[in-house]
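A.B. asks: Pasting protein_38.pdb below, which is PDB, C-alpha atoms.
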```
MODEL        1
ATOM      1  CA  MET L   1       0.000   0.000   0.000
ATOM      2  CA  LYS L   2       1.414   3.362  -1.056
ATOM      3  CA  MET L   3       1.953   5.895   1.741
ATOM      4  CA  GLU L   4       2.717   9.590   1.633
ATOM      5  CA  PRO L   5       6.319  10.326   2.756
ATOM      6  CA  ASP L   6       5.242  11.897   6.051
ATOM      7  CA  PHE L   7       2.519   9.333   6.853
ATOM      8  CA  LEU L   8       4.331   7.594   9.711
ATOM      9  CA  ASP L   9       5.678  10.827  11.205
ATOM     10  CA  ARG L  10       2.394  12.694  11.049
ATOM     11  CA  TYR L  11       0.282   9.978  12.655
ATOM     12  CA  GLN L  12       2.911   8.435  14.924
ATOM     13  CA  ARG L  13       1.000   9.230  18.148
ATOM     14  CA  GLN L  14      -2.079   7.405  16.847
ATOM     15  CA  ILE L  15      -0.221   4.509  15.264
ATOM     16  CA  GLN L  16       1.468   3.973  18.651
ATOM     17  CA  LEU L  17      -1.912   3.171  20.161
ATOM     18  CA  SER L  18      -2.322  -0.595  20.033
ATOM     19  CA  GLU L  19      -6.080  -0.232  19.402
ATOM     20  CA  ILE L  20      -5.313   1.722  16.211
ATOM     21  CA  GLY L  21      -1.853   0.841  14.896
ATOM     22  CA  LEU L  22      -0.793   1.110  11.256
ATOM     23  CA  GLN L  23      -3.790  -0.916  10.151
ATOM     24  CA  GLY L  24      -6.235   1.446  11.878
ATOM     25  CA  GLN L  25      -4.469   4.454  10.430
ATOM     26  CA  GLN L  26      -4.806   3.008   6.935
ATOM     27  CA  LYS L  27      -8.513   2.425   7.582
ATOM     28  CA  LEU L  28      -8.840   6.108   8.482
ATOM     29  CA  ARG L  29      -7.095   7.052   5.236
ATOM     30  CA  ASP L  30      -9.676   5.012   3.314
ATOM     31  CA  ALA L  31     -12.629   6.465   5.275
ATOM     32  CA  ARG L  32     -15.148   8.882   3.787
ATOM     33  CA  ILE L  33     -17.066  10.955   6.357
ATOM     34  CA  LEU L  34     -19.784  13.555   5.808
ATOM     35  CA  VAL L  35     -20.138  16.392   8.330
ATOM     36  CA  VAL L  36     -23.565  18.045   8.128
ATOM     37  CA  GLY L  37     -23.488  21.537   9.634
ATOM     38  CA  LEU L  38     -20.356  23.620  10.151
ATOM     39  CA  GLY L  39     -21.263  25.392  13.383
ATOM     40  CA  GLY L  40     -20.099  24.832  16.940
ATOM     41  CA  LEU L  41     -20.034  21.035  16.534
ATOM     42  CA  GLY L  42     -19.009  20.776  12.888
ATOM     43  CA  CYS L  43     -15.870  22.903  13.324
ATOM     44  CA  PRO L  44     -14.096  20.758  15.944
ATOM     45  CA  VAL L  45     -15.453  17.545  14.412
ATOM     46  CA  SER L  46     -13.997  18.325  10.976
ATOM     47  CA  GLN L  47     -10.724  19.623  12.439
ATOM     48  CA  TYR L  48     -10.131  16.475  14.492
ATOM     49  CA  LEU L  49     -11.072  14.181  11.613
ATOM     50  CA  VAL L  50      -8.743  15.926   9.184
ATOM     51  CA  MET L  51      -5.898  16.026  11.703
ATOM     52  CA  ALA L  52      -6.454  12.328  12.443
ATOM     53  CA  GLY L  53      -5.982  11.483   8.768
ATOM     54  CA  VAL L  54      -9.505  10.679   7.558
ATOM     55  CA  GLY L  55      -8.960  10.349   3.802
ATOM     56  CA  CYS L  56     -12.047  12.136   2.549
ATOM     57  CA  ILE L  57     -14.316  14.511   4.388
ATOM     58  CA  GLY L  58     -17.460  16.175   3.058
ATOM     59  CA  LEU L  59     -18.818  19.435   4.472
ATOM     60  CA  VAL L  60     -22.451  20.523   4.096
ATOM     61  CA  ASP L  61     -23.519  24.053   5.068
ATOM     62  CA  GLY L  62     -25.169  26.853   3.142
ATOM     63  CA  ASP L  63     -24.505  29.625   5.677
ATOM     64  CA  THR L  64     -22.021  32.450   5.916
ATOM     65  CA  VAL L  65     -19.930  33.306   8.972
ATOM     66  CA  SER L  66     -21.456  35.825  11.391
ATOM     67  CA  LEU L  67     -19.819  37.658  14.273
ATOM     68  CA  GLY L  68     -21.854  35.693  16.819
ATOM     69  CA  ASN L  69     -20.391  32.437  15.442
ATOM     70  CA  LEU L  70     -16.862  33.334  16.550
ATOM     71  CA  GLN L  71     -17.610  32.635  20.234
ATOM     72  CA  ARG L  72     -17.592  28.877  19.535
ATOM     73  CA  GLN L  73     -16.959  28.016  15.862
ATOM     74  CA  THR L  74     -13.244  27.298  15.840
ATOM     75  CA  LEU L  75     -12.541  27.324  12.091
ATOM     76  CA  TYR L  76     -13.386  30.995  11.526
ATOM     77  CA  ARG L  77     -11.586  34.307  12.166
ATOM     78  CA  ASN L  78     -12.725  37.939  12.405
ATOM     79  CA  ASP L  79     -11.905  38.573   8.753
ATOM     80  CA  ASP L  80     -14.162  35.687   7.692
ATOM     81  CA  VAL L  81     -17.435  37.371   8.741
ATOM     82  CA  GLY L  82     -19.784  37.388   5.759
ATOM     83  CA  LYS L  83     -17.871  34.670   3.877
ATOM     84  CA  SER L  84     -19.086  31.172   3.008
ATOM     85  CA  LYS L  85     -18.513  28.715   5.850
ATOM     86  CA  VAL L  86     -17.668  25.777   3.609
ATOM     87  CA  GLN L  87     -15.124  27.817   1.621
ATOM     88  CA  ILE L  88     -13.331  29.058   4.755
ATOM     89  CA  ALA L  89     -13.460  25.561   6.237
ATOM     90  CA  LEU L  90     -12.015  24.115   3.030
ATOM     91  CA  GLN L  91      -9.018  26.487   3.210
ATOM     92  CA  GLN L  92      -8.438  25.881   6.914
ATOM     93  CA  LEU L  93      -8.724  22.113   6.712
ATOM     94  CA  GLN L  94      -6.500  21.859   3.638
ATOM     95  CA  SER L  95      -3.849  23.917   5.376
ATOM     96  CA  LEU L  96      -4.063  21.571   8.379
ATOM     97  CA  ASN L  97      -3.533  18.476   6.249
ATOM     98  CA  PRO L  98      -3.018  19.093   2.524
ATOM     99  CA  SER L  99      -2.906  15.459   1.389
ATOM    100  CA  LEU L 100      -6.555  14.709   2.214
ATOM    101  CA  GLU L 101      -9.644  15.223   0.099
ATOM    102  CA  VAL L 102     -12.215  17.782   1.250
ATOM    103  CA  LEU L 103     -15.495  18.000  -0.665
ATOM    104  CA  VAL L 104     -17.732  20.993   0.001
ATOM    105  CA  PHE L 105     -21.468  21.404  -0.518
ATOM    106  CA  GLY L 106     -22.482  25.029   0.005
ATOM    107  CA  THR L 107     -26.124  24.218   0.608
ATOM    108  CA  ALA L 108     -28.424  22.950   3.316
ATOM    109  CA  LEU L 109     -29.089  19.196   3.303
ATOM    110  CA  THR L 110     -32.545  18.799   1.745
ATOM    111  CA  PRO L 111     -34.846  15.923   0.782
ATOM    112  CA  GLU L 112     -33.874  16.681  -2.839
ATOM    113  CA  ASN L 113     -30.066  16.488  -2.463
ATOM    114  CA  SER L 114     -29.622  14.221   0.554
ATOM    115  CA  LEU L 115     -29.548  10.836  -1.197
ATOM    116  CA  ASP L 116     -26.919  11.994  -3.693
ATOM    117  CA  ILE L 117     -24.714  13.644  -1.068
ATOM    118  CA  VAL L 118     -24.979  11.010   1.685
ATOM    119  CA  GLY L 119     -24.476   8.263  -0.903
ATOM    120  CA  LEU L 120     -20.887   9.447  -1.461
ATOM    121  CA  PHE L 121     -19.823   8.714   2.137
ATOM    122  CA  ASP L 122     -19.425   5.807   4.592
ATOM    123  CA  LEU L 123     -20.485   7.632   7.782
ATOM    124  CA  VAL L 124     -22.453  10.810   8.526
ATOM    125  CA  ILE L 125     -21.880  13.124  11.487
ATOM    126  CA  ASP L 126     -24.872  15.208  12.524
ATOM    127  CA  CYS L 127     -23.673  18.656  13.553
ATOM    128  CA  THR L 128     -26.948  20.382  12.729
ATOM    129  CA  ASP L 129     -28.908  22.809  14.850
ATOM    130  CA  ASN L 130     -32.426  21.717  13.923
ATOM    131  CA  PHE L 131     -34.705  18.684  14.093
ATOM    132  CA  LYS L 132     -35.811  18.809  10.464
ATOM    133  CA  THR L 133     -32.299  18.103   9.165
ATOM    134  CA  ARG L 134     -31.624  15.578  11.942
ATOM    135  CA  TYR L 135     -34.679  13.482  11.032
ATOM    136  CA  LEU L 136     -33.693  13.771   7.359
ATOM    137  CA  ILE L 137     -30.191  12.448   8.157
ATOM    138  CA  ASN L 138     -31.752   9.605  10.127
ATOM    139  CA  ASP L 139     -34.155   8.622   7.366
ATOM    140  CA  VAL L 140     -31.621   8.829   4.534
ATOM    141  CA  CYS L 141     -29.080   6.814   6.544
ATOM    142  CA  ALA L 142     -31.741   4.189   7.295
ATOM    143  CA  GLN L 143     -32.583   4.007   3.596
ATOM    144  CA  LEU L 144     -28.920   3.711   2.527
ATOM    145  CA  ASN L 145     -27.879   1.446   5.451
ATOM    146  CA  LYS L 146     -25.352   3.959   6.701
ATOM    147  CA  SER L 147     -24.417   4.728  10.297
ATOM    148  CA  TRP L 148     -24.424   8.227  11.741
ATOM    149  CA  VAL L 149     -23.115   9.964  14.818
ATOM    150  CA  TYR L 150     -25.650  12.127  16.616
ATOM    151  CA  GLY L 151     -24.557  15.082  18.694
ATOM    152  CA  SER L 152     -26.448  18.028  20.064
ATOM    153  CA  VAL L 153     -26.182  20.590  22.827
ATOM    154  CA  SER L 154     -28.509  22.405  25.190
ATOM    155  CA  ARG L 155     -26.998  25.067  27.460
ATOM    156  CA  PHE L 156     -24.371  23.205  29.550
ATOM    157  CA  GLU L 157     -25.371  19.700  28.406
ATOM    158  CA  GLY L 158     -24.765  17.590  25.336
ATOM    159  CA  GLN L 159     -26.037  14.299  23.897
ATOM    160  CA  VAL L 160     -24.063  11.843  21.766
ATOM    161  CA  ALA L 161     -25.026   8.498  20.210
ATOM    162  CA  VAL L 162     -24.174   6.374  17.182
ATOM    163  CA  PHE L 163     -27.241   5.239  15.257
ATOM    164  CA  ASN L 164     -27.987   2.571  12.662
ATOM    165  CA  VAL L 165     -24.808   0.536  13.104
ATOM    166  CA  ASN L 166     -24.601  -2.805  11.333
ATOM    167  CA  ILE L 167     -24.394  -5.196  14.263
ATOM    168  CA  ARG L 168     -24.487  -8.541  12.446
ATOM    169  CA  GLU L 169     -22.014  -9.981   9.989
ATOM    170  CA  ASP L 170     -24.645 -10.649   7.325
ATOM    171  CA  GLY L 171     -25.590  -6.962   7.423
ATOM    172  CA  LYS L 172     -29.213  -7.739   8.266
ATOM    173  CA  ALA L 173     -29.419  -6.199  11.731
ATOM    174  CA  TYR L 174     -28.859  -2.611  12.706
ATOM    175  CA  SER L 175     -28.692  -0.844  16.038
ATOM    176  CA  LEU L 176     -31.508   1.540  16.938
ATOM    177  CA  ASN L 177     -31.933   4.751  15.009
ATOM    178  CA  TYR L 178     -33.098   8.178  16.148
ATOM    179  CA  ARG L 179     -36.751   7.545  15.290
ATOM    180  CA  ASP L 180     -36.746   4.427  17.489
ATOM    181  CA  VAL L 181     -35.822   6.659  20.417
ATOM    182  CA  PHE L 182     -37.685   9.858  19.488
ATOM    183  CA  PRO L 183     -40.415   8.726  17.053
ATOM    184  CA  GLU L 184     -42.038  12.142  16.684
ATOM    185  CA  MET L 185     -40.307  15.375  15.799
ATOM    186  CA  PRO L 186     -40.871  17.922  18.609
ATOM    187  CA  LYS L 187     -43.320  20.669  17.779
ATOM    188  CA  GLU L 188     -42.037  23.997  16.458
ATOM    189  CA  GLY L 189     -40.745  26.042  19.420
ATOM    190  CA  GLU L 190     -40.981  23.173  21.938
ATOM    191  CA  VAL L 191     -37.221  22.727  22.232
ATOM    192  CA  LEU L 192     -35.433  26.059  22.155
ATOM    193  CA  ALA L 193     -32.308  26.473  20.023
ATOM    194  CA  CYS L 194     -28.942  27.737  21.294
ATOM    195  CA  ALA L 195     -29.754  31.170  19.838
ATOM    196  CA  GLU L 196     -32.590  31.372  22.369
ATOM    197  CA  THR L 197     -31.087  29.583  25.372
ATOM    198  CA  GLY L 198     -27.389  30.374  25.053
ATOM    199  CA  VAL L 199     -24.490  27.916  24.970
ATOM    200  CA  LEU L 200     -20.898  27.820  26.177
ATOM    201  CA  GLY L 201     -18.384  27.403  23.343
ATOM    202  CA  SER L 202     -16.159  24.996  25.240
ATOM    203  CA  VAL L 203     -19.135  22.713  25.960
ATOM    204  CA  VAL L 204     -19.892  22.460  22.232
ATOM    205  CA  GLY L 205     -16.207  21.631  21.771
ATOM    206  CA  VAL L 206     -16.459  18.735  24.242
ATOM    207  CA  VAL L 207     -19.516  17.318  22.479
ATOM    208  CA  GLY L 208     -17.875  17.705  19.053
ATOM    209  CA  SER L 209     -14.777  15.943  20.363
ATOM    210  CA  LEU L 210     -16.936  13.063  21.614
ATOM    211  CA  GLN L 211     -18.540  12.792  18.163
ATOM    212  CA  ALA L 212     -15.169  12.832  16.383
ATOM    213  CA  THR L 213     -13.910  10.155  18.783
ATOM    214  CA  GLU L 214     -16.877   7.892  17.976
ATOM    215  CA  ALA L 215     -16.204   8.363  14.243
ATOM    216  CA  LEU L 216     -12.531   7.424  14.672
ATOM    217  CA  LYS L 217     -13.551   4.373  16.734
ATOM    218  CA  TYR L 218     -16.088   3.407  14.066
ATOM    219  CA  PHE L 219     -13.416   3.075  11.385
ATOM    220  CA  THR L 220     -10.529   1.741  13.470
ATOM    221  CA  GLY L 221     -12.602  -0.685  15.532
ATOM    222  CA  ALA L 222     -11.100   0.670  18.761
ATOM    223  CA  GLY L 223     -13.216   0.149  21.889
ATOM    224  CA  ASN L 224     -17.001   0.025  22.069
ATOM    225  CA  LEU L 225     -19.188   2.349  20.043
ATOM    226  CA  LEU L 226     -22.016   4.323  21.624
ATOM    227  CA  CYS L 227     -24.559   2.321  19.644
ATOM    228  CA  ASN L 228     -27.790   1.359  21.412
ATOM    229  CA  GLN L 229     -26.759   3.910  24.018
ATOM    230  CA  LEU L 230     -27.438   7.604  24.564
ATOM    231  CA  LEU L 231     -24.742   9.563  26.376
ATOM    232  CA  THR L 232     -25.547  12.838  28.124
ATOM    233  CA  TYR L 233     -22.685  15.101  29.215
ATOM    234  CA  ASN L 234     -23.293  17.727  31.896
ATOM    235  CA  ALA L 235     -20.600  20.392  32.088
ATOM    236  CA  LEU L 236     -21.903  22.032  35.270
ATOM    237  CA  LYS L 237     -21.524  18.793  37.208
ATOM    238  CA  GLN L 238     -18.837  17.259  34.963
ATOM    239  CA  THR L 239     -20.834  14.025  34.777
ATOM    240  CA  LEU L 240     -21.711  11.519  32.083
ATOM    241  CA  PHE L 241     -25.063   9.699  32.130
ATOM    242  CA  THR L 242     -25.579   6.767  29.785
ATOM    243  CA  VAL L 243     -28.945   5.247  28.910
ATOM    244  CA  LYS L 244     -29.094   1.795  27.354
ATOM    245  CA  LEU L 245     -31.374   1.744  24.324
ATOM    246  CA  SER L 246     -32.740  -1.765  23.782
ATOM    247  CA  GLN L 247     -34.779  -3.031  20.861
TER     248      GLN L 247
ATOM    249  CA  MET U   1     -42.109   6.055  52.521
ATOM    250  CA  ALA U   2     -41.304   4.344  49.219
ATOM    251  CA  VAL U   3     -40.140   6.791  46.576
ATOM    252  CA  LEU U   4     -38.803   6.996  43.050
ATOM    253  CA  GLU U   5     -35.778   9.106  42.237
ATOM    254  CA  VAL U   6     -36.455  11.289  39.196
ATOM    255  CA  LEU U   7     -33.609  12.755  37.119
ATOM    256  CA  VAL U   8     -34.397  15.469  34.601
ATOM    257  CA  PHE U   9     -32.234  16.628  31.687
ATOM    258  CA  GLY U  10     -32.016  19.526  29.241
ATOM    259  CA  GLN U  11     -34.720  22.158  29.092
ATOM    260  CA  LEU U  12     -37.147  19.920  30.997
ATOM    261  CA  THR U  13     -35.459  21.265  34.136
ATOM    262  CA  ASP U  14     -37.408  24.501  33.454
ATOM    263  CA  SER U  15     -40.674  22.556  33.817
ATOM    264  CA  ILE U  16     -39.576  20.803  37.023
ATOM    265  CA  GLY U  17     -37.641  23.652  38.629
ATOM    266  CA  GLY U  18     -34.548  21.489  39.089
ATOM    267  CA  ASP U  19     -32.769  18.393  37.812
ATOM    268  CA  ARG U  20     -33.595  15.891  40.573
ATOM    269  CA  ILE U  21     -36.699  15.252  42.635
ATOM    270  CA  HIS U  22     -38.270  12.437  44.612
ATOM    271  CA  LEU U  23     -41.744  11.207  43.787
ATOM    272  CA  SER U  24     -43.968   8.976  45.892
ATOM    273  CA  TYR U  25     -43.843   5.424  44.550
ATOM    274  CA  VAL U  26     -46.262   4.476  41.791
ATOM    275  CA  GLN U  27     -46.515   0.997  40.278
ATOM    276  CA  ASP U  28     -45.732   1.558  36.631
ATOM    277  CA  THR U  29     -44.519   4.083  34.068
ATOM    278  CA  ASP U  30     -48.041   5.027  32.940
ATOM    279  CA  LEU U  31     -48.954   6.012  36.499
ATOM    280  CA  PHE U  32     -45.592   7.754  36.758
ATOM    281  CA  ARG U  33     -46.356   9.914  33.717
ATOM    282  CA  THR U  34     -49.775  10.794  35.130
ATOM    283  CA  ALA U  35     -48.319  11.713  38.520
ATOM    284  CA  MET U  36     -45.583  13.834  36.948
ATOM    285  CA  ASN U  37     -48.026  15.631  34.640
ATOM    286  CA  GLU U  38     -50.282  16.442  37.584
ATOM    287  CA  ARG U  39     -47.443  17.798  39.675
ATOM    288  CA  PHE U  40     -45.695  19.571  36.768
ATOM    289  CA  PRO U  41     -48.281  20.650  34.165
ATOM    290  CA  GLY U  42     -45.474  22.138  32.026
ATOM    291  CA  LEU U  43     -44.391  18.571  31.170
ATOM    292  CA  ARG U  44     -47.671  17.662  29.464
ATOM    293  CA  ASP U  45     -46.790  18.792  25.961
ATOM    294  CA  LYS U  46     -43.122  17.936  26.066
ATOM    295  CA  THR U  47     -41.254  15.287  24.081
ATOM    296  CA  PHE U  48     -38.912  13.073  26.103
ATOM    297  CA  LEU U  49     -37.774   9.519  26.502
ATOM    298  CA  LEU U  50     -38.179   7.682  29.767
ATOM    299  CA  ALA U  51     -35.368   5.550  31.170
ATOM    300  CA  VAL U  52     -35.724   3.339  34.223
ATOM    301  CA  ASN U  53     -32.440   2.529  35.948
ATOM    302  CA  GLN U  54     -30.646   3.839  32.840
ATOM    303  CA  GLU U  55     -32.569   1.653  30.387
ATOM    304  CA  LEU U  56     -34.919   3.088  27.757
ATOM    305  CA  VAL U  57     -38.582   2.244  28.311
ATOM    306  CA  LEU U  58     -40.877   2.084  25.295
ATOM    307  CA  GLY U  59     -44.466   1.553  26.383
ATOM    308  CA  LYS U  60     -45.392   0.543  29.910
ATOM    309  CA  ARG U  61     -43.093  -0.958  32.529
ATOM    310  CA  ILE U  62     -43.520  -2.003  36.156
ATOM    311  CA  LEU U  63     -41.626   0.153  38.649
ATOM    312  CA  ASN U  64     -40.077  -0.912  41.947
ATOM    313  CA  PRO U  65     -39.595   1.321  44.996
ATOM    314  CA  GLY U  66     -36.204   3.031  44.781
ATOM    315  CA  ASP U  67     -36.033   2.918  40.966
ATOM    316  CA  THR U  68     -34.407   5.844  39.217
ATOM    317  CA  VAL U  69     -36.497   7.280  36.402
ATOM    318  CA  ALA U  70     -34.810   9.680  33.975
ATOM    319  CA  LEU U  71     -36.604  12.091  31.634
ATOM    320  CA  LEU U  72     -34.456  12.912  28.609
ATOM    321  CA  PRO U  73     -35.657  15.338  25.941
ATOM    322  CA  PRO U  74     -34.036  15.522  22.497
ATOM    323  CA  PHE U  75     -31.509  18.369  22.234
ATOM    324  CA  SER U  76     -31.543  20.729  19.315
ATOM    325  CA  GLY U  77     -28.407  22.863  19.290
ATOM    326  CA  GLY U  78     -25.321  22.376  17.204
TER     327      GLY U  78
ENDMDL
END
```
Write out the structure in this file as structure tokens.
C.D. replies:
Amino acid sequence: MKMEPDFLDRYQRQIQLSEIGLQGQQKLRDARILVVGLGGLGCPVSQYLVMAGVGCIGLVDGDTVSLGNLQRQTLYRNDDVGKSKVQIALQQLQSLNPSLEVLVFGTALTPENSLDIVGLFDLVIDCTDNFKTRYLINDVCAQLNKSWVYGSVSRFEGQVAVFNVNIREDGKAYSLNYRDVFPEMPKEGEVLACAETGVLGSVVGVVGSLQATEALKYFTGAGNLLCNQLLTYNALKQTLFTVKLSQ
Amino acid sequence: MAVLEVLVFGQLTDSIGGDRIHLSYVQDTDLFRTAMNERFPGLRDKTFLLAVNQELVLGKRILNPGDTVALLPPFSGG
């Protein structure tokens, strides 16, 4: 297998980990991951994935950078206000790790484009800020038999889970998906968004880091995935609460 | 007196006025929902999953005195 000249140097700290090793690192190089939403979660998620050597990463977001984003969205700088998020992210991520492929989609994920976009990737990471897109990700992933990493924040808390994981060798059984846990989309205005409730940037960073970690575990096989489990992180108490999700 | 420990997450804490309460023991999760809705009317229209002793409950389940029941709403922010 052909390796870039700096492959071993760049990823030495990961390759040293027995749960990852050279084989795991090569799996990451072959991985294709879609990040939906480039806000407080999507920034650290995409940064950690690119730094970890994920071979191809897709970025979906139709927004531009605003001043209020800079409190927590780690890819953007003052001068980027008003510019396209995916274009700035593309530049930043390529400068972090030039040998990897970054595909950008400067649009929201919609019922019209979701099958085509999601179909290009092996795993989806939900970094969205709304239920409509989250249920769309869930339904498209269920249709295409793809796994996805859920993450979301509320004030000082965050939730993380991995949904729709193939849990049998013949590919005929999957772990629970989001609709199994929350069958109905909450009503408009029932669950307030961060814009209305506030959020601490570092807490979003923790939740994004947990999501990126699950994605890296998914491809390398390290440890146990958060599938059929829902993790809640509470920053005020610094506690983790896990709920087992059974069929 | 036999009680249930109730843990509340996310914005549901606004409806309860805190993140942990004790509720007098009731026999199953249907009665639990009724008792909670009566005591905290703000919960009535809310979406959340119910977990008993950290296991998701879909439908009705028998409760034992001392069980921990968690109310977890879906989060929205990203």
A.B. asks: Output the contact residues of chain L with respect to chain U at a cut-off of 8 Å, based on only C-alpha atoms, as a PyMOL selection string.
C.D. replies: chain L and resi 37+39-42+127-131+151-155+157-159+181-182+186+190-194+204+242-246
A.B. asks: For stretch 22-39 of chain U, please output as a PyMOL selection string all residues within 7 Å (counting all atoms listed in the file; exclusion window: fewer than 6 positions along the same chain).
C.D. replies: chain U and resi 2-6+60-65
A.B. asks: For each of U:Asp67, U:Gly42, U:Gly59, U:Met1, take the minimum atom-to-atom distance to U:Ser15, counting all atoms listed in the file, then give the residue where this is smallest.
C.D. replies: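 Between U:Asp67, U:Gly42, U:Gly59, U:Met1, the residue approaching U:Ser15 most closely is U:Gly42.
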A.B. asks: Return as a list of chain:residue names the set of residues that the PyMOL selection byres ((chain L and resi 124) around 10) yields on the displayed structure.
C.D. replies: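 Evaluating the PyMOL selection byres ((chain L and resi 124) around 10) on this file yields L:Arg32, L:Ile33, L:Leu34, L:Val35, L:Val36, L:Ile57, L:Gly58, L:Val118, L:Gly119, L:Phe121, L:Asp122, L:Leu123, L:Ile125, L:Asp126, L:Cys127, L:Ile137, L:Asn138, L:Cys141, L:Lys146, L:Ser147, L:Trp148, L:Val149, L:Tyr150, L:Val162, L:Phe163, L:Ala215.
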A.B. asks: Which residues match the PyMOL selection byres ((chain L and resi 67) around 9) in the file above, as a list in words?
C.D. replies: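 For this structure, the PyMOL selection byres ((chain L and resi 67) around 9) resolves to Val65, Ser66, Gly68, Asn69, Leu70, Gln71, Asn78, Asp80, Val81 and Gly82 of chain L.
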A.B. asks: Could you tell me how far atom CA of L:Glu101 sits from atom CA of L:Val54, in Å to one decimal place?
C.D. replies: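 Computing the Euclidean distance for atom CA of L:Val54 and atom CA of L:Glu101 yields 8.7 Å.
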A.B. asks: What does the distance from atom CA of U:Thr68 to atom CA of U:Leu7 come to in Å, to one decimal?
C.D. replies: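 Atom CA of U:Leu7 lies 7.3 Å from atom CA of U:Thr68.
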A.B. asks: By how many Å are atom CA of L:Val207 and atom CA of L:Val50 apart?
C.D. replies: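 Going from atom CA of L:Val207 over to atom CA of L:Val50, I get 17.2 Å.
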A.B. asks: Go through the shown structure with the PyMOL selection byres ((chain L and resi 108-114) around 9) and write out the matching residues as a PDB file with C-alpha atoms, in the frame of the given file.
C.D. replies:
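Once everything was written out, this is part.pdb:
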```pdb
ATOM      1  CA  VAL L  36     -23.565  18.045   8.128  1.00  0.00           C
ATOM      2  CA  GLY L  37     -23.488  21.537   9.634  1.00  0.00           C
ATOM      3  CA  VAL L  60     -22.451  20.523   4.096  1.00  0.00           C
ATOM      4  CA  ASP L  61     -23.519  24.053   5.068  1.00  0.00           C
ATOM      5  CA  GLY L  62     -25.169  26.853   3.142  1.00  0.00           C
ATOM      6  CA  ASP L  63     -24.505  29.625   5.677  1.00  0.00           C
ATOM      7  CA  PHE L 105     -21.468  21.404  -0.518  1.00  0.00           C
ATOM      8  CA  GLY L 106     -22.482  25.029   0.005  1.00  0.00           C
ATOM      9  CA  THR L 107     -26.124  24.218   0.608  1.00  0.00           C
ATOM     10  CA  LEU L 115     -29.548  10.836  -1.197  1.00  0.00           C
ATOM     11  CA  ASP L 116     -26.919  11.994  -3.693  1.00  0.00           C
ATOM     12  CA  ILE L 117     -24.714  13.644  -1.068  1.00  0.00           C
ATOM     13  CA  VAL L 118     -24.979  11.010   1.685  1.00  0.00           C
ATOM     14  CA  GLY L 119     -24.476   8.263  -0.903  1.00  0.00           C
ATOM     15  CA  THR L 133     -32.299  18.103   9.165  1.00  0.00           C
ATOM     16  CA  LEU L 136     -33.693  13.771   7.359  1.00  0.00           C
ATOM     17  CA  ILE L 137     -30.191  12.448   8.157  1.00  0.00           C
ATOM     18  CA  VAL L 140     -31.621   8.829   4.534  1.00  0.00           C
TER      19      VAL L 140
END
```
A.B. asks: Using all atoms listed in the file, which protein or nucleic acid residues come within 9 Å of L:Thr213? Drop anything in the same chain fewer than 5 positions from it, and give the result as a PyMOL selection string.
C.D. replies: chain L and resi 45+48-49+208+218
A.B. asks: Calculate, to one decimal in Å, the centre and edge lengths of the box along x, y and z of the file that holds all listed atoms of stretch 165-184 of chain L with 5 Å of margin on each side, and present them as JSON.
C.D. replies:
```
{"center_x": -32.0, "center_y": 0.7, "center_z": 13.9, "size_x": 30.0, "size_y": 32.8, "size_z": 23.1}
```
